[in-house]
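Each remark here refers to the structure printed beneath this line.
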Amino acid sequence: MTNIAFIGTGVMGAPMAGHLVAAGHSVTVYNRSRAKAEAWAGKHGGTVAATPAEAAAGKDAVFSCVGNDDDLAEVTLGANGAFGAMAAGALFVDHTTVSAQIARRLGEEGGAKGLLVVDAPVSGGQAGAENGKLSIMCGGTAEAMAVAEPLMQAYALRIVHIGAAGAGQTTKMVNQIAIAGVVQGVAEALRFAQIAGLDTDKVFEAVSGGAASSWQMVNRWATMSEDKFDFGFAVDWMRKDLGLTLDEARRNGATLPLTALVDQFYADVQKMGGGRNDTSSLVRRLPR
């Protein structure tokens, strides 16, 4: 049994922390909204802390899954942050999708304190978290990964150590670049088929078994054709991620014309009131 703190019990953090309890670990949680933390503890039997520092004190490992760079900086480096309460040799794993800059900063500052730090953004959405089948892309030292991986296996289907601090976050950006382009392609293909008067079920049967197939086509073609967009990862979150990606591209000199274009298409969906729709709602902005 490992004594663990989990900071952030939202739609992703809560099930991940629950899997750690199910794996036999002792888990203390902190959430900015205490009611969510108490609801989690009522379900899983863990302990609720009043601050990140209180949650982290004396723990072997601290995990976080919060909202953005500022949230992460506050719960780690703030006046009541976890880093100030953690002992040398303790593990810190962050599952938030944030900038590579803050991941590198936490790697440096945590390392200076003798902490083992891993940036570990995830792919697989809420369903992946609940089913314990997340894909996790990691940045950090080999020593930190050796400690983190056995714990993350409680909720992961795939764990890959990419490289040094920040490599997990930049890999998550690769993931979002690829998704953005594919979703737009599927949206355009579906609308073209509809406007051409084709039976979209038969079109799907014809093209989904060949080179045009993708996870997005297999899982979203039918729901997109029915104007159903309540299937997980929201447009608002995708725009946050694409913003981080485009910022990093400006720093490293990468050229991302399609990503920048699709980001603006998602802005159109937000203006249509679709910020909480899932990412397949790109099709909404294409006229029939």
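Scheme for the structure tokens: letters A, B, ... for chains in order shown; per-chain residue numbers from 1; ligand numbers from 1 in order shown.
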
Compile a residue-level contact table for range 138-211 of chain A against range 244-248 of chain A at a cut-off of 12 Å, reporting for every qualifying residue the shortest atom pair and its distance in Å to one decimal, with only C-alpha atoms counted, rows ordered by chain and ascending number, as a tab-separated table.
residue	atom	partner	partner_atom	distance
A:Gly166	CA	A:Glu248	CA	11.1
A:Ala167	CA	A:Glu248	CA	12.0
A:Gln169	CA	A:Thr245	CA	9.3
A:Thr170	CA	A:Thr245	CA	7.8
A:Thr171	CA	A:Thr245	CA	9.9
A:Lys172	CA	A:Thr245	CA	8.8
A:Met173	CA	A:Thr245	CA	5.4
A:Val174	CA	A:Thr245	CA	8.2
A:Asn175	CA	A:Thr245	CA	10.1
A:Gln176	CA	A:Thr245	CA	8.1
A:Ile177	CA	A:Thr245	CA	7.8
A:Ala178	CA	A:Thr245	CA	11.5
A:Ala180	CA	A:Thr245	CA	11.4

Prev. selection, N, CA, C and O atoms, output as a tab-separated table (two decimals), in the first residue's frame:
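Printed below is out.tsv as written:
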chain	number	residue	atom	x	y	z
A	166	GLY	N	8.41	17.79	-19.64
A	166	GLY	CA	7.75	18.52	-20.72
A	166	GLY	C	7.43	17.66	-21.92
A	166	GLY	O	6.58	18.02	-22.74
A	167	ALA	N	8.09	16.51	-22.05
A	167	ALA	CA	7.87	15.65	-23.22
A	167	ALA	C	6.47	15.05	-23.23
A	167	ALA	O	5.89	14.82	-24.30
A	169	GLN	N	3.74	16.56	-22.12
A	169	GLN	CA	2.82	17.61	-22.58
A	169	GLN	C	2.96	17.88	-24.08
A	169	GLN	O	1.95	18.09	-24.77
A	170	THR	N	4.17	17.89	-24.60
A	170	THR	CA	4.31	18.12	-26.04
A	170	THR	C	3.76	16.95	-26.84
A	170	THR	O	3.23	17.13	-27.95
A	171	THR	N	3.84	15.73	-26.29
A	171	THR	CA	3.23	14.59	-26.96
A	171	THR	C	1.72	14.69	-26.96
A	171	THR	O	1.06	14.33	-27.95
A	172	LYS	N	1.14	15.20	-25.88
A	172	LYS	CA	-0.32	15.42	-25.86
A	172	LYS	C	-0.70	16.41	-26.95
A	172	LYS	O	-1.76	16.29	-27.58
A	173	MET	N	0.15	17.38	-27.21
A	173	MET	CA	-0.10	18.33	-28.30
A	173	MET	C	-0.11	17.62	-29.65
A	173	MET	O	-0.95	17.91	-30.51
A	174	VAL	N	0.82	16.68	-29.84
A	174	VAL	CA	0.82	15.87	-31.06
A	174	VAL	C	-0.52	15.15	-31.21
A	174	VAL	O	-1.11	15.11	-32.30
A	175	ASN	N	-1.00	14.59	-30.12
A	175	ASN	CA	-2.28	13.89	-30.10
A	175	ASN	C	-3.42	14.79	-30.56
A	175	ASN	O	-4.25	14.41	-31.41
A	176	GLN	N	-3.46	16.01	-30.04
A	176	GLN	CA	-4.55	16.93	-30.37
A	176	GLN	C	-4.44	17.47	-31.79
A	176	GLN	O	-5.46	17.70	-32.45
A	177	ILE	N	-3.22	17.66	-32.27
A	177	ILE	CA	-3.03	18.06	-33.67
A	177	ILE	C	-3.64	17.01	-34.59
A	177	ILE	O	-4.39	17.33	-35.54
A	178	ALA	N	-3.33	15.75	-34.33
A	178	ALA	CA	-3.83	14.67	-35.18
A	178	ALA	C	-5.35	14.56	-35.11
A	178	ALA	O	-6.02	14.38	-36.15
A	180	ALA	N	-7.57	16.93	-34.36
A	180	ALA	CA	-8.23	18.08	-34.97
A	180	ALA	C	-8.39	17.91	-36.48
A	180	ALA	O	-9.47	18.13	-37.05

Surrounding residues of Ile4 in chain A excluding itself and chain neighbours under 2 positions, 8 Å, only C-alpha atoms, as a list in words: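 Returned residues: Thr2, Phe6, His25, Ser26, Val27, Thr28, Ala56, Lys59, Asp60, Ala61, Val62 and Phe63 of chain A.
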
From A:Lys202, A:Lys240, A:His44, A:Arg34, residue lying nearest Ala14 in chain A [only C-alpha atoms]: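 That would be A:His44, the residue with the smallest distance to Ala14 in chain A.
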
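Here the residues within range 60-182 of chain A that DSSP labels strand (DSSP E or B) on the basis of the backbone are Ala61, Val62, Phe63, Ser64, Leu91, Phe92, Val93, Asp94, Leu116, Val117, Val118, Asp119, Val122, Ser123, Leu134, Ser135, Ile136, Met137, Cys138, Gly139, Gly140, Ala156, Leu157, Arg158, Ile159, Val160, His161, Ile162 and Gly163 of chain A.
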
Gap from CA of Val75 in chain A to CA of Leu151 in chain A - Å, one decimal: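 Here the two named atoms are 20.9 Å from each other.
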
Long-range neighbours of range 221-226 of chain A as a list in words, 9 Å cut-off, only C-alpha atoms, 5 positions minimum in chain: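 Answer for this query is Val186, Ala187, Leu190, Arg191, Gln194, Thr200, Asp201, Phe204, Gln216, Phe231, Ser280, Ser281, Val283 and Arg284 of chain A.
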
Between CA of Ala234 in chain A and CA of Leu77 in chain A, distance in Å (one decimal):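 Here the two named atoms are 28.5 Å from each other.
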
Counting only C-alpha atoms, the option among A:Gly139, A:Pro257, A:Gly18, A:Gly274 closest to Asp119 in chain A: A:Gly139
